[in-house]
file query_26.cif (mmCIF, C-alpha atoms)
data_upload
#
loop_
_atom_site.label_atom_id
_atom_site.label_comp_id
_atom_site.auth_asym_id
_atom_site.auth_seq_id
_atom_site.Cartn_x
_atom_site.Cartn_y
_atom_site.Cartn_z
CA ASP F 292 -37.86 57.71 20.09
CA ALA F 293 -38.61 55.06 22.74
CA LYS F 294 -36.73 51.79 22.62
CA THR F 295 -38.66 48.60 21.88
CA THR F 296 -37.99 45.01 22.88
CA GLN F 297 -39.24 42.07 20.83
CA PRO F 298 -38.54 38.33 20.94
CA THR F 299 -35.96 37.29 18.39
CA SER F 300 -38.10 34.59 16.83
CA MET F 301 -41.49 32.89 17.02
CA ASP F 302 -43.25 30.03 15.29
CA CYS F 303 -46.93 29.78 14.50
CA ALA F 304 -49.02 27.02 12.93
CA GLU F 305 -50.72 27.88 9.67
CA GLY F 306 -54.32 28.92 10.20
CA ARG F 307 -53.78 29.84 13.82
CA ALA F 308 -53.53 33.33 15.25
CA ALA F 309 -50.05 34.78 15.53
CA ASN F 310 -49.56 37.04 18.53
CA LEU F 311 -46.40 39.13 18.40
CA PRO F 312 -45.51 41.03 21.58
CA CYS F 313 -43.60 44.27 21.89
CA ASN F 314 -42.40 46.01 25.02
CA HIS F 315 -42.03 49.80 24.96
CA SER F 316 -41.97 50.67 28.65
CA THR F 317 -40.42 54.12 28.14
CA ILE F 318 -43.00 55.29 25.60
CA SER F 319 -44.14 58.90 25.86
CA GLY F 320 -47.67 60.19 25.56
CA ASN F 321 -47.05 61.59 22.09
CA GLU F 322 -45.49 58.47 20.57
CA TYR F 323 -47.27 56.19 18.15
CA VAL F 324 -46.75 52.44 17.96
CA TYR F 325 -46.10 51.23 14.41
CA TRP F 326 -45.79 47.72 13.02
CA TYR F 327 -44.03 46.86 9.78
CA ARG F 328 -42.89 43.57 8.33
CA GLN F 329 -40.22 42.63 5.83
CA ILE F 330 -40.59 39.51 3.79
CA HIS F 331 -37.21 38.24 2.65
CA SER F 332 -35.53 40.57 0.13
CA GLN F 333 -38.60 42.80 -0.20
CA GLY F 334 -39.25 46.35 0.97
CA PRO F 335 -40.81 46.77 4.41
CA GLN F 336 -44.60 46.63 4.41
CA TYR F 337 -46.73 48.84 6.61
CA ILE F 338 -49.16 46.83 8.74
CA ILE F 339 -50.84 49.05 11.31
CA HIS F 340 -50.28 51.84 13.81
CA GLY F 341 -51.99 53.28 16.85
CA LEU F 342 -51.68 55.79 19.67
CA LYS F 343 -53.92 54.71 22.54
CA ASN F 344 -56.86 52.72 21.29
CA ASN F 345 -56.83 49.25 19.82
CA GLU F 346 -56.82 49.26 16.05
CA THR F 347 -57.91 46.76 13.41
CA ASN F 348 -57.54 46.71 9.65
CA GLU F 349 -57.69 44.11 6.92
CA MET F 350 -54.25 42.78 7.80
CA ALA F 351 -54.08 42.69 11.57
CA SER F 352 -55.17 43.95 14.96
CA LEU F 353 -53.10 46.04 17.33
CA ILE F 354 -53.75 45.75 21.04
CA ILE F 355 -52.12 48.45 23.20
CA THR F 356 -52.19 48.05 26.97
CA GLU F 357 -53.88 50.74 29.01
CA ASP F 358 -50.54 52.02 30.37
CA ARG F 359 -49.16 51.88 26.79
CA LYS F 360 -46.01 50.11 27.96
CA SER F 361 -46.57 47.15 25.67
CA SER F 362 -48.54 46.08 22.63
CA THR F 363 -49.42 42.95 20.69
CA LEU F 364 -49.81 42.55 16.96
CA ILE F 365 -52.34 39.86 16.07
CA LEU F 366 -52.50 38.15 12.70
CA PRO F 367 -55.83 36.33 13.08
CA HIS F 368 -55.25 33.48 10.61
CA ALA F 369 -51.58 33.15 9.77
CA THR F 370 -50.59 31.82 6.35
CA LEU F 371 -47.22 30.71 5.00
CA ARG F 372 -46.93 34.07 3.25
CA ASP F 373 -46.92 35.80 6.63
CA THR F 374 -43.43 34.42 7.32
CA ALA F 375 -41.35 37.58 7.74
CA VAL F 376 -39.45 39.77 10.17
CA TYR F 377 -41.92 41.92 12.11
CA TYR F 378 -40.78 45.28 13.45
CA CYS F 379 -42.39 47.20 16.30
CA ILE F 380 -41.46 50.88 16.15
CA VAL F 381 -42.44 53.80 18.35
CA ARG F 382 -42.44 57.16 16.66
CA VAL F 383 -42.99 60.59 18.12
CA LEU F 384 -45.63 62.92 16.78
CA ILE F 385 -44.25 66.39 16.35
CA SER F 386 -47.04 68.88 15.97
CA SER F 387 -44.86 71.30 14.04
CA GLY F 388 -44.80 68.84 11.21
CA SER F 389 -41.11 68.05 11.37
CA ALA F 390 -40.31 64.66 9.96
CA ARG F 391 -39.31 61.67 11.98
CA GLN F 392 -37.81 58.71 10.27
CA LEU F 393 -38.58 55.13 11.24
CA THR F 394 -35.93 53.52 13.46
CA PHE F 395 -35.86 49.78 12.82
CA GLY F 396 -34.58 47.39 15.49
CA SER F 397 -33.91 43.70 15.07
CA GLY F 398 -37.57 42.67 14.96
CA THR F 399 -39.14 39.24 15.43
CA GLN F 400 -38.64 36.53 12.83
CA LEU F 401 -42.06 34.91 12.54
CA THR F 402 -42.09 31.52 10.86
CA VAL F 403 -45.47 30.11 9.93
CA LEU F 404 -45.32 26.32 9.85
CA PRO F 405 -47.50 24.15 7.59
CA ASN K 115 -53.07 53.38 -7.23
CA ALA K 116 -49.44 52.62 -7.96
CA GLY K 117 -47.15 52.17 -5.01
CA VAL K 118 -43.67 53.55 -4.50
CA MET K 119 -41.55 52.81 -7.54
CA GLN K 120 -37.79 52.39 -7.55
CA ASN K 121 -35.43 51.81 -10.42
CA PRO K 122 -33.32 50.15 -11.29
CA ARG K 123 -34.12 47.10 -9.16
CA HIS K 124 -30.57 45.81 -9.52
CA LEU K 125 -27.49 47.87 -10.25
CA VAL K 126 -23.92 46.67 -10.70
CA ARG K 127 -21.10 49.18 -10.59
CA ARG K 128 -17.33 48.88 -10.56
CA ARG K 129 -15.36 50.59 -7.82
CA GLY K 130 -14.97 54.27 -8.58
CA GLN K 131 -18.10 54.58 -10.74
CA GLU K 132 -21.22 56.54 -9.90
CA ALA K 133 -24.55 55.04 -8.90
CA ARG K 134 -27.88 56.81 -9.38
CA LEU K 135 -30.95 55.39 -7.69
CA ARG K 136 -34.42 56.72 -8.48
CA CYS K 137 -37.58 56.79 -6.42
CA SER K 138 -41.06 57.88 -7.47
CA PRO K 139 -43.35 58.36 -4.46
CA MET K 140 -46.95 57.29 -4.27
CA LYS K 141 -49.46 59.65 -5.83
CA GLY K 142 -50.31 62.43 -3.42
CA HIS K 143 -47.18 61.91 -1.31
CA SER K 144 -44.72 64.77 -1.06
CA HIS K 145 -42.36 63.33 1.56
CA VAL K 146 -39.58 60.90 0.63
CA TYR K 147 -37.21 58.93 2.84
CA TRP K 148 -34.20 56.84 1.88
CA TYR K 149 -33.00 53.87 3.94
CA ARG K 150 -30.07 51.50 3.49
CA GLN K 151 -29.90 47.84 4.46
CA LEU K 152 -26.45 46.31 4.52
CA PRO K 153 -26.22 42.51 4.11
CA GLU K 154 -27.55 40.71 7.20
CA GLU K 155 -28.28 44.01 8.95
CA GLY K 156 -31.32 46.15 9.73
CA LEU K 157 -32.60 49.17 7.85
CA LYS K 158 -30.91 52.46 8.62
CA PHE K 159 -32.32 55.88 7.85
CA MET K 160 -30.28 58.02 5.49
CA VAL K 161 -32.16 61.14 4.42
CA TYR K 162 -35.60 62.76 4.40
CA LEU K 163 -36.69 65.14 1.64
CA GLN K 164 -39.65 67.18 0.62
CA LYS K 165 -39.98 68.73 -2.82
CA GLU K 166 -36.80 70.77 -3.48
CA ASN K 167 -35.72 70.56 0.18
CA ILE K 168 -33.56 68.29 2.29
CA ILE K 169 -35.18 68.19 5.71
CA ASP K 170 -32.98 65.71 7.58
CA GLU K 171 -29.77 64.14 6.29
CA SER K 172 -28.45 62.99 9.64
CA GLY K 173 -28.06 59.40 8.44
CA MET K 174 -26.24 60.21 5.25
CA PRO K 175 -22.49 59.53 4.99
CA LYS K 176 -20.66 62.86 4.85
CA GLU K 177 -18.83 62.14 1.61
CA ARG K 178 -19.80 60.75 -1.80
CA PHE K 179 -23.54 60.54 -1.02
CA SER K 180 -26.13 63.12 -2.06
CA ALA K 181 -29.88 63.19 -2.53
CA GLU K 182 -32.39 65.42 -4.24
CA PHE K 183 -36.11 65.61 -4.80
CA PRO K 184 -36.74 68.13 -7.58
CA LYS K 185 -39.99 69.93 -8.24
CA GLU K 186 -40.60 67.64 -11.19
CA GLY K 187 -39.50 64.04 -11.43
CA PRO K 188 -38.32 61.36 -9.05
CA SER K 189 -36.10 61.60 -6.02
CA ILE K 190 -32.49 60.67 -6.77
CA LEU K 191 -29.93 59.13 -4.42
CA ARG K 192 -26.48 59.58 -5.90
CA ILE K 193 -23.36 57.75 -4.78
CA GLN K 194 -20.10 58.93 -6.28
CA GLN K 195 -16.94 56.84 -6.53
CA VAL K 196 -18.61 53.73 -5.15
CA VAL K 197 -16.68 51.32 -2.94
CA ARG K 198 -17.38 47.68 -2.04
CA GLY K 199 -18.87 48.75 1.30
CA ASP K 200 -21.67 50.58 -0.56
CA SER K 201 -23.08 47.22 -1.69
CA ALA K 202 -26.51 47.09 -0.06
CA ALA K 203 -30.23 47.31 -0.64
CA TYR K 204 -31.46 50.89 -0.81
CA PHE K 205 -35.11 51.44 -0.01
CA CYS K 206 -37.18 54.52 -0.62
CA ALA K 207 -40.36 55.30 1.30
CA SER K 208 -42.97 58.02 0.89
CA SER K 209 -45.68 59.49 3.06
CA ARG K 210 -48.44 62.05 2.79
CA SER K 211 -47.05 64.04 5.69
CA GLY K 212 -43.93 64.06 7.79
CA THR K 213 -45.67 63.62 11.11
CA ALA K 214 -45.91 60.28 12.89
CA ALA K 215 -49.66 60.19 12.28
CA TYR K 216 -49.02 59.21 8.68
CA GLU K 217 -47.48 55.92 7.69
CA GLN K 218 -44.59 55.48 5.28
CA TYR K 219 -44.91 53.16 2.31
CA PHE K 220 -41.80 51.48 0.95
CA GLY K 221 -40.68 50.64 -2.53
CA PRO K 222 -39.18 47.29 -3.61
CA GLY K 223 -35.63 48.58 -3.25
CA THR K 224 -32.56 48.85 -5.44
CA ARG K 225 -29.88 46.26 -4.84
CA LEU K 226 -26.48 47.80 -5.51
CA THR K 227 -23.53 45.52 -6.06
CA VAL K 228 -20.07 47.03 -6.30
CA THR K 229 -17.47 44.81 -7.95
#
call {"tool": "encode", "arguments": {"input": "query_26.cif", "output": "structure tokens"}}
result
Amino acid sequence: DAKTTQPTSMDCAEGRAANLPCNHSTISGNEYVYWYRQIHSQGPQYIIHGLKNNETNEMASLIITEDRKSSTLILPHATLRDTAVYYCIVRVLISSGSARQLTFGSGTQLTVLP
Amino acid sequence: NAGVMQNPRHLVRRRGQEARLRCSPMKGHSHVYWYRQLPEEGLKFMVYLQKENIIDESGMPKERFSAEFPKEGPSILRIQQVVRGDSAAYFCASSRSGTAAYEQYFGPGTRLTVT
């Protein structure tokens, strides 16, 4: 799976949009971009994933550049409860159905400030 | 719709004892993954199972660790003769399919402490 690069930490003011970048310059055409977060001591929480197009759900938006070498996770109105480590993961799609586990890096520690 | 369930949430074992960790996947999910998170470290994949089959155990320590996902009942991660270095949070995840098109959902974890 392609390697990802994320900033170690970021701060965001409560109520403002949090924009978390991820670089995946070696991504292949059959690799998805996934975002998870882990709030302290809890299990990782799925946020969103995408292949080529931008995606939006009730939690966040995922913006993938046209060349797919980078992406940005956007939390539109950050709250204190969004303070967590955010992981950007690229994961290959294998058409045969073989499983691929998630490979977690170090992630970005997002701190939402009151 | 209940999420992934793990029990116990906390488990204390003395060195040399056995630890059994249970995971019930989300309804409709037939793929289970186990991950381990050592203190102050990231999550590491251990094993992937489908019903009655181990598909990928490349992250599993070669000795003392085993996993199963029987036709009926939860998935079990078993650690024999535990040592202090086994103290960690063990997370289970489930998905509808094993391909990357389907997301994995995680349980709350079991925190194992070996004394």
call {"tool": "residues_near_point", "arguments": {"input": "query_26.cif", "point": "(-25.8, 45.0, 4.6)", "cutoff": "9 Å", "atoms": "only C-alpha atoms", "output": "ChimeraX atom specification"}}
result
/K:150-157,199-203
call {"tool": "interface_residues", "arguments": {"input": "query_26.cif", "of": "chain K", "to": "chain F", "cutoff": "8 Å", "atoms": "only C-alpha atoms", "output": "PDB file with C-alpha atoms, keeping the file's coordinate frame"}}
result
ATOM      1  CA  TYR K 147     -37.210  58.930   2.840  1.00  0.00           C
ATOM      2  CA  GLY K 156     -31.320  46.150   9.730  1.00  0.00           C
ATOM      3  CA  LEU K 157     -32.600  49.170   7.850  1.00  0.00           C
ATOM      4  CA  LYS K 158     -30.910  52.460   8.620  1.00  0.00           C
ATOM      5  CA  PHE K 159     -32.320  55.880   7.850  1.00  0.00           C
ATOM      6  CA  TYR K 162     -35.600  62.760   4.400  1.00  0.00           C
ATOM      7  CA  ILE K 169     -35.180  68.190   5.710  1.00  0.00           C
ATOM      8  CA  ASP K 170     -32.980  65.710   7.580  1.00  0.00           C
ATOM      9  CA  PHE K 205     -35.110  51.440  -0.010  1.00  0.00           C
ATOM     10  CA  SER K 211     -47.050  64.040   5.690  1.00  0.00           C
ATOM     11  CA  GLY K 212     -43.930  64.060   7.790  1.00  0.00           C
ATOM     12  CA  THR K 213     -45.670  63.620  11.110  1.00  0.00           C
ATOM     13  CA  ALA K 214     -45.910  60.280  12.890  1.00  0.00           C
ATOM     14  CA  ALA K 215     -49.660  60.190  12.280  1.00  0.00           C
ATOM     15  CA  GLU K 217     -47.480  55.920   7.690  1.00  0.00           C
ATOM     16  CA  GLN K 218     -44.590  55.480   5.280  1.00  0.00           C
ATOM     17  CA  TYR K 219     -44.910  53.160   2.310  1.00  0.00           C
ATOM     18  CA  PHE K 220     -41.800  51.480   0.950  1.00  0.00           C
ATOM     19  CA  GLY K 221     -40.680  50.640  -2.530  1.00  0.00           C
ATOM     20  CA  PRO K 222     -39.180  47.290  -3.610  1.00  0.00           C
ATOM     21  CA  GLY K 223     -35.630  48.580  -3.250  1.00  0.00           C
TER      22      GLY K 223
END
call {"tool": "residues_around", "arguments": {"input": "query_26.cif", "residues": "Asn121 in chain K", "least_positions_apart": "3", "cutoff": "7 Å", "atoms": "all atoms listed in the file", "output": "JSON list (two decimals) with C-alpha atoms, in the frame of the given file"}}
result
[["chain", "number", "residue", "atom", "x", "y", "z"],
["K", 135, "LEU", "CA", -30.95, 55.39, -7.69],
["K", 136, "ARG", "CA", -34.42, 56.72, -8.48],
["K", 137, "CYS", "CA", -37.58, 56.79, -6.42],
["K", 224, "THR", "CA", -32.56, 48.85, -5.44]]
call {"tool": "resolve_selection", "arguments": {"input": "query_26.cif", "expression": "the PyMOL selection byres ((chain K and resi 186) around 12)", "output": "list in words"}}
result
Ser138, Pro139, Ser144, Gln164, Lys165, Glu166, Glu182, Phe183, Pro184, Lys185, Gly187, Pro188, Ser189 and Ile190 of chain K
call {"tool": "atom_distance", "arguments": {"input": "query_26.cif", "atom1": "CA of Arg328 in chain F", "atom2": "CA of Gln297 in chain F"}}
result
13.1 Å
call {"tool": "residues_near_point", "arguments": {"input": "query_26.cif", "point": "(-51.5, 46.4, 18.3)", "cutoff": "9 Å", "atoms": "only C-alpha atoms", "output": "list in words"}}
result
Leu311, Pro312, Cys313, Val324, Tyr325, Trp326, Ile339, His340, Gly341, Asn344, Asn345, Glu346, Thr347, Ala351, Ser352, Leu353, Ile354, Ile355, Thr356, Ser361, Ser362, Thr363, Leu364 and Ile365 of chain F
call {"tool": "resolve_selection", "arguments": {"input": "query_26.cif", "expression": "the PyMOL selection byres ((chain K and resi 198) around 9)", "output": "ChimeraX atom specification"}}
result
/K:128-129,196-197,199-201,227-229
call {"tool": "resolve_selection", "arguments": {"input": "query_26.cif", "expression": "the PyMOL selection byres ((chain F and resi 400) around 8)", "output": "ChimeraX atom specification"}}
result
/F:299-301,374-377,398-399,401-402
call {"tool": "atom_distance", "arguments": {"input": "query_26.cif", "atom1": "CA of Ile318 in chain F", "atom2": "CA of Lys294 in chain F"}}
result
7.8 Å
call {"tool": "closest_residue", "arguments": {"input": "query_26.cif", "among": "K:His124, K:Met174, K:Gly142, K:Val118", "to": "Leu191 in chain K", "atoms": "only C-alpha atoms"}}
result
K:Met174
call {"tool": "decode", "arguments": {"input": "query_26.cif", "residues": "range 340-365 of chain F", "atoms": "N, CA and C atoms", "output": "mmCIF file, in the first residue's frame"}}
result
data_model
loop_
_atom_site.group_PDB
_atom_site.id
_atom_site.type_symbol
_atom_site.label_atom_id
_atom_site.label_comp_id
_atom_site.auth_asym_id
_atom_site.auth_seq_id
_atom_site.Cartn_x
_atom_site.Cartn_y
_atom_site.Cartn_z
ATOM 1 N N HIS F 340 -14.175 7.601 2.902
ATOM 2 C CA HIS F 340 -13.178 7.123 1.969
ATOM 3 C C HIS F 340 -13.595 7.478 0.552
ATOM 4 N N GLY F 341 -12.605 7.471 -0.352
ATOM 5 C CA GLY F 341 -12.885 7.802 -1.736
ATOM 6 C C GLY F 341 -11.811 7.267 -2.668
ATOM 7 N N LEU F 342 -12.138 7.232 -3.959
ATOM 8 C CA LEU F 342 -11.193 6.725 -4.951
ATOM 9 C C LEU F 342 -10.686 7.859 -5.844
ATOM 10 N N LYS F 343 -11.598 8.540 -6.499
ATOM 11 C CA LYS F 343 -11.208 9.621 -7.398
ATOM 12 C C LYS F 343 -11.986 10.899 -7.124
ATOM 13 N N ASN F 344 -13.279 10.737 -6.923
ATOM 14 C CA ASN F 344 -14.140 11.904 -6.773
ATOM 15 C C ASN F 344 -14.144 12.394 -5.336
ATOM 16 N N ASN F 345 -14.489 13.666 -5.167
ATOM 17 C CA ASN F 345 -14.678 14.192 -3.825
ATOM 18 C C ASN F 345 -15.890 13.515 -3.194
ATOM 19 N N GLU F 346 -15.824 13.334 -1.896
ATOM 20 C CA GLU F 346 -16.892 12.669 -1.176
ATOM 21 C C GLU F 346 -17.315 13.519 0.016
ATOM 22 N N THR F 347 -18.588 13.416 0.365
ATOM 23 C CA THR F 347 -19.113 14.112 1.542
ATOM 24 C C THR F 347 -20.091 13.204 2.263
ATOM 25 N N ASN F 348 -20.005 13.193 3.578
ATOM 26 C CA ASN F 348 -21.018 12.506 4.384
ATOM 27 C C ASN F 348 -21.340 13.388 5.586
ATOM 28 N N GLU F 349 -22.055 12.819 6.538
ATOM 29 C CA GLU F 349 -22.526 13.634 7.661
ATOM 30 C C GLU F 349 -21.395 14.071 8.571
ATOM 31 N N MET F 350 -20.249 13.437 8.460
ATOM 32 C CA MET F 350 -19.131 13.778 9.333
ATOM 33 C C MET F 350 -18.167 14.765 8.694
ATOM 34 N N ALA F 351 -17.871 14.556 7.401
ATOM 35 C CA ALA F 351 -16.767 15.297 6.807
ATOM 36 C C ALA F 351 -16.853 15.292 5.284
ATOM 37 N N SER F 352 -15.937 16.043 4.694
ATOM 38 C CA SER F 352 -15.757 16.026 3.244
ATOM 39 C C SER F 352 -14.330 15.596 2.936
ATOM 40 N N LEU F 353 -14.187 14.883 1.837
ATOM 41 C CA LEU F 353 -12.876 14.439 1.383
ATOM 42 C C LEU F 353 -12.633 15.029 0.010
ATOM 43 N N ILE F 354 -11.555 15.806 -0.096
ATOM 44 C CA ILE F 354 -11.189 16.413 -1.362
ATOM 45 C C ILE F 354 -9.921 15.730 -1.854
ATOM 46 N N ILE F 355 -9.994 15.107 -3.028
ATOM 47 C CA ILE F 355 -8.838 14.413 -3.617
ATOM 48 C C ILE F 355 -8.410 15.209 -4.840
ATOM 49 N N THR F 356 -7.124 15.536 -4.923
ATOM 50 C CA THR F 356 -6.642 16.290 -6.074
ATOM 51 C C THR F 356 -6.794 15.482 -7.351
ATOM 52 N N GLU F 357 -6.779 16.167 -8.462
ATOM 53 C CA GLU F 357 -7.024 15.502 -9.748
ATOM 54 C C GLU F 357 -5.970 14.435 -10.042
ATOM 55 N N ASP F 358 -4.720 14.707 -9.646
ATOM 56 C CA ASP F 358 -3.659 13.707 -9.880
ATOM 57 C C ASP F 358 -3.616 12.647 -8.776
ATOM 58 N N ARG F 359 -4.474 12.800 -7.772
ATOM 59 C CA ARG F 359 -4.637 11.862 -6.657
ATOM 60 C C ARG F 359 -3.408 11.756 -5.758
ATOM 61 N N LYS F 360 -2.487 12.667 -5.880
ATOM 62 C CA LYS F 360 -1.268 12.596 -5.074
ATOM 63 C C LYS F 360 -1.460 13.177 -3.681
ATOM 64 N N SER F 361 -2.552 13.839 -3.435
ATOM 65 C CA SER F 361 -2.815 14.364 -2.102
ATOM 66 C C SER F 361 -4.316 14.492 -1.884
ATOM 67 N N SER F 362 -4.679 14.620 -0.617
ATOM 68 C CA SER F 362 -6.095 14.792 -0.284
ATOM 69 C C SER F 362 -6.207 15.645 0.970
ATOM 70 N N THR F 363 -7.400 16.144 1.201
ATOM 71 C CA THR F 363 -7.679 16.953 2.390
ATOM 72 C C THR F 363 -8.982 16.488 3.009
ATOM 73 N N LEU F 364 -8.939 16.236 4.289
ATOM 74 C CA LEU F 364 -10.150 15.942 5.048
ATOM 75 C C LEU F 364 -10.640 17.255 5.651
ATOM 76 N N ILE F 365 -11.910 17.550 5.468
ATOM 77 C CA ILE F 365 -12.472 18.789 5.991
ATOM 78 C C ILE F 365 -13.577 18.481 6.995
#
